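Undergrad: Shown below is the structure under consideration.
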Amino acid sequence: METETMIEVRDVTMRFHMNADKVLSLKEFVTRALRGKLKFEEFTALENVSFSVQKGETFGLIGHNGAGKSTLLKIISGILKPTKGSAVSRGNVVPMLELGSGFDMDLTGRENIFLNGAILGYSEPFLKDRYEEIVAFSELGAFIETPIRNYSSGMLARLAFSVASVVNPEILIVDEILSVGDASFQEKSRRRMTELMSGGTTVLFVSHNLDQIREMCGRVLWLDGGKVRMIGGAEEVCNAYAGA
C-alpha cells in the first residue's frame, strides 16, 4: 500500500539578522539606521534540514535548547518563511506550540474556546456542538467562566489541548504540551494522542522526555545546532542522543 507524505521539508535554512550594536534607545537606533551605521550579525538557526513524515506517523523531534526545534515547527506551521528551501504540509495543521498562543488573557475560558477554535479554523456551530466535550476534557469545571489570566500553566495547557484535540486534525504539532499539568491529565492526554494517531492523524511530537518519545514515536529526528545530527528509529536515535 502506498503511503501518503503529509509533511515534506526540503533543504530548509533559516537565517536571522541580529543587531550587533548595544543600542540603548529607539532614538539612537533610528539615528544610526539613517546614517547606515547599524551593524548586524547573521545567525543561522537551521541549515539544510530535510525530512518527510508519512500519513498517520508519529514523528519525534529532539535536541537541546537552541537546537532550532521551535524555529522548525514555526516554519512547518506556516508562521515563518524559510530563508532557503521549502516546507510543505498536506492537510490542516493544528499547532500546539507556545502555551496560550491564540488566547486572550482578559477573556474567560469559555470565550477563549471560541476565539482559539476560530483561529484553528473551526466554525462557531461546530464549537457550540463540541463545547461541553471540550470543557469536560479540560476538567476546568466552574473555572471555565474565569478570565484565563488567573489560570495556572497547567490549567492553560489543559484548555489548549482540549480545544486542539477535540477534532481529528490531519496534522497535529505538539511541543512539550504533554509534560504540563498533573500526572492524571498527562496520562489522559497521552490516551487522546493515541486515539488521534489510530484515527490517521499525523503527529509531529517534540519533547525533552526521551521515554515519551520512545513510547509515542516510530521515527525521530535529532537536531543539533540547527543541523540534522541523526534521523532513524526512535530507540536508536534516543539512545545515541542520551549517550552524547
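Chains: A, B, ... in order of the C-alpha cells. Residues: from 1 per chain. Ligands: from 1, in order shown.
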Just the residues within 12 Å of Met96 in chain A, please, counting only C-alpha atoms, with nothing from its chain fewer than 5 positions along; format it as a VMD selection string.

TA: chain A and resid 70 73 to 74 77 101 to 103 116 119 to 120 156 to 165 169 171 to 178 203 to 206

Undergrad: Could you list, as a list in words, every residue within 10 Å of range 84-89 of chain A, counting only C-alpha atoms and ignoring same-chain residues fewer than 5 positions away?

TA: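 The neighbour list is Thr5, Met6, Ile7, Glu8, Val9, Arg10, Asp11, Val12, Thr13, Met14, Arg15, Leu46, Glu47, Asn48, Val49, Ser50, Phe51, Ser52, Val53, Leu72, Ile75, Ile76, Ser77, Gly78, Glu170 and Ile171 of chain A.
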
Undergrad: Can you pull out the residues contacting range 54-69 of chain A? Cut-off 8 Å, using only C-alpha atoms, and skip same-chain residues under 6 positions away; I want them as a PyMOL selection string.

TA: chain A and resi 3-7+45-46+197-208+213+216-227+234

Undergrad: Would you give me, as a PyMOL selection string, the residues in range 10-242 of chain A that DSSP reads as strand (DSSP E or B)?

TA: chain A and resi 10-19+40-54+58-62+84-89+93-96+108+147+171-175+202-206+219-224+227-233

Undergrad: For the residues in that selection, give me C-alpha atoms as a PDB file, in the first residue's frame.

TA:
```
ATOM      1  CA  ARG A  10      13.459  20.148   1.773  1.00  0.00           C
ATOM      2  CA  ASP A  11      16.826  21.844   2.339  1.00  0.00           C
ATOM      3  CA  VAL A  12      15.373  24.330   4.840  1.00  0.00           C
ATOM      4  CA  THR A  13      17.778  27.028   6.002  1.00  0.00           C
ATOM      5  CA  MET A  14      16.688  29.854   8.303  1.00  0.00           C
ATOM      6  CA  ARG A  15      18.881  32.869   8.953  1.00  0.00           C
ATOM      7  CA  PHE A  16      18.099  35.797  11.227  1.00  0.00           C
ATOM      8  CA  HIS A  17      19.769  39.220  11.194  1.00  0.00           C
ATOM      9  CA  MET A  18      20.519  40.341  14.732  1.00  0.00           C
ATOM     10  CA  ASN A  19      21.591  43.821  15.733  1.00  0.00           C
ATOM     11  CA  PHE A  40      24.044  43.289  12.041  1.00  0.00           C
ATOM     12  CA  GLU A  41      25.238  39.770  12.709  1.00  0.00           C
ATOM     13  CA  GLU A  42      23.746  36.854  10.813  1.00  0.00           C
ATOM     14  CA  PHE A  43      22.552  33.947  12.916  1.00  0.00           C
ATOM     15  CA  THR A  44      21.784  30.607  11.240  1.00  0.00           C
ATOM     16  CA  ALA A  45      19.033  28.831  13.187  1.00  0.00           C
ATOM     17  CA  LEU A  46      18.597  25.961  10.689  1.00  0.00           C
ATOM     18  CA  GLU A  47      20.879  24.698   7.932  1.00  0.00           C
ATOM     19  CA  ASN A  48      19.867  22.359   5.093  1.00  0.00           C
ATOM     20  CA  VAL A  49      17.268  20.425   7.091  1.00  0.00           C
ATOM     21  CA  SER A  50      15.380  17.773   5.093  1.00  0.00           C
ATOM     22  CA  PHE A  51      12.921  15.058   6.138  1.00  0.00           C
ATOM     23  CA  SER A  52       9.405  13.825   5.412  1.00  0.00           C
ATOM     24  CA  VAL A  53       6.568  12.488   7.598  1.00  0.00           C
ATOM     25  CA  GLN A  54       4.023   9.982   6.322  1.00  0.00           C
ATOM     26  CA  THR A  58       4.080   9.973  14.924  1.00  0.00           C
ATOM     27  CA  PHE A  59       7.422  11.597  14.234  1.00  0.00           C
ATOM     28  CA  GLY A  60       9.630  12.772  17.104  1.00  0.00           C
ATOM     29  CA  LEU A  61      11.851  15.827  17.222  1.00  0.00           C
ATOM     30  CA  ILE A  62      14.599  16.070  19.852  1.00  0.00           C
ATOM     31  CA  LYS A  84      16.034  28.864   1.681  1.00  0.00           C
ATOM     32  CA  GLY A  85      14.260  25.605   0.901  1.00  0.00           C
ATOM     33  CA  SER A  86      10.629  24.643   1.366  1.00  0.00           C
ATOM     34  CA  ALA A  87       8.272  23.087   3.899  1.00  0.00           C
ATOM     35  CA  VAL A  88       5.013  21.658   2.565  1.00  0.00           C
ATOM     36  CA  SER A  89       2.176  20.408   4.792  1.00  0.00           C
ATOM     37  CA  VAL A  93      -2.216  21.790  10.632  1.00  0.00           C
ATOM     38  CA  VAL A  94      -3.114  22.310  14.290  1.00  0.00           C
ATOM     39  CA  PRO A  95      -0.002  23.669  16.010  1.00  0.00           C
ATOM     40  CA  MET A  96       0.175  23.488  19.798  1.00  0.00           C
ATOM     41  CA  THR A 108     -12.790  33.739  30.162  1.00  0.00           C
ATOM     42  CA  PRO A 147     -10.575  35.095  32.968  1.00  0.00           C
ATOM     43  CA  ILE A 171      -1.550  17.152  11.205  1.00  0.00           C
ATOM     44  CA  LEU A 172      -1.028  17.838  14.913  1.00  0.00           C
ATOM     45  CA  ILE A 173       2.160  19.566  16.099  1.00  0.00           C
ATOM     46  CA  VAL A 174       2.738  19.063  19.813  1.00  0.00           C
ATOM     47  CA  ASP A 175       5.565  20.918  21.581  1.00  0.00           C
ATOM     48  CA  THR A 202      -0.115  12.655  11.597  1.00  0.00           C
ATOM     49  CA  VAL A 203       1.718  13.875  14.700  1.00  0.00           C
ATOM     50  CA  LEU A 204       4.943  15.858  14.966  1.00  0.00           C
ATOM     51  CA  PHE A 205       5.924  15.432  18.603  1.00  0.00           C
ATOM     52  CA  VAL A 206       8.595  17.449  20.443  1.00  0.00           C
ATOM     53  CA  ARG A 219      10.972   7.642  13.887  1.00  0.00           C
ATOM     54  CA  VAL A 220      12.911  10.543  15.383  1.00  0.00           C
ATOM     55  CA  LEU A 221      14.933  13.491  14.074  1.00  0.00           C
ATOM     56  CA  TRP A 222      17.790  14.773  16.257  1.00  0.00           C
ATOM     57  CA  LEU A 223      18.551  18.454  15.638  1.00  0.00           C
ATOM     58  CA  ASP A 224      21.924  19.725  16.827  1.00  0.00           C
ATOM     59  CA  LYS A 227      21.593  20.724  11.574  1.00  0.00           C
ATOM     60  CA  VAL A 228      20.276  17.181  11.272  1.00  0.00           C
ATOM     61  CA  ARG A 229      22.552  15.113  13.503  1.00  0.00           C
ATOM     62  CA  MET A 230      20.642  11.859  13.080  1.00  0.00           C
ATOM     63  CA  ILE A 231      17.342  10.501  11.791  1.00  0.00           C
ATOM     64  CA  GLY A 232      16.035   6.971  12.289  1.00  0.00           C
ATOM     65  CA  GLY A 233      14.161   4.629  14.612  1.00  0.00           C
TER      66      GLY A 233
END
```

Undergrad: Run DSSP on the backbone of this structure and report the residues of range 67-134 of chain A it assigns to alpha helix (DSSP H), as JSON, numbers by chain.

TA: {"A": [69, 70, 71, 72, 73, 74, 75, 76, 77, 109, 110, 111, 112, 113, 114, 115, 116, 117, 118, 119, 124, 125, 126, 127, 128, 129, 130, 131, 132, 133, 134]}

Undergrad: Could you check the closest approach to Tyr131 in chain A for each of A:Leu80, A:Ile113, A:Ala183, A:Val30 and tell me which residue wins, using only C-alpha atoms?

TA: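 The answer is A:Ile113, which sits nearest to Tyr131 in chain A.
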
Undergrad: Which neighbours of Asp104 in chain A fall inside 9 Å, counting only C-alpha atoms, when residues of the same chain fewer than 5 positions from it are skipped, and could you give them as a ChimeraX atom specification?

TA: /A:111-112,115-116,147-149

Undergrad: Restrict the selected residues to C-alpha atoms and save them as a PDB file, in the first residue's frame.

TA:
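Resulting contents of again-v4.pdb:
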```pdb
ATOM      1  CA  GLU A 111     -14.728  32.865  25.429  1.00  0.00           C
ATOM      2  CA  ASN A 112     -11.237  31.599  24.629  1.00  0.00           C
ATOM      3  CA  LEU A 115     -11.554  32.520  19.985  1.00  0.00           C
ATOM      4  CA  ASN A 116      -8.897  29.797  19.849  1.00  0.00           C
ATOM      5  CA  PRO A 147     -10.575  35.095  32.968  1.00  0.00           C
ATOM      6  CA  ILE A 148      -7.626  32.936  31.974  1.00  0.00           C
ATOM      7  CA  ARG A 149      -5.079  35.400  33.370  1.00  0.00           C
TER       8      ARG A 149
END
```

Undergrad: Hey, which of A:Asp106, A:Val135, A:Lys128, A:Glu195 ends up closest to Tyr151 in chain A? Count only C-alpha atoms.

TA: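 So, comparing all the options, the nearest one is A:Asp106.
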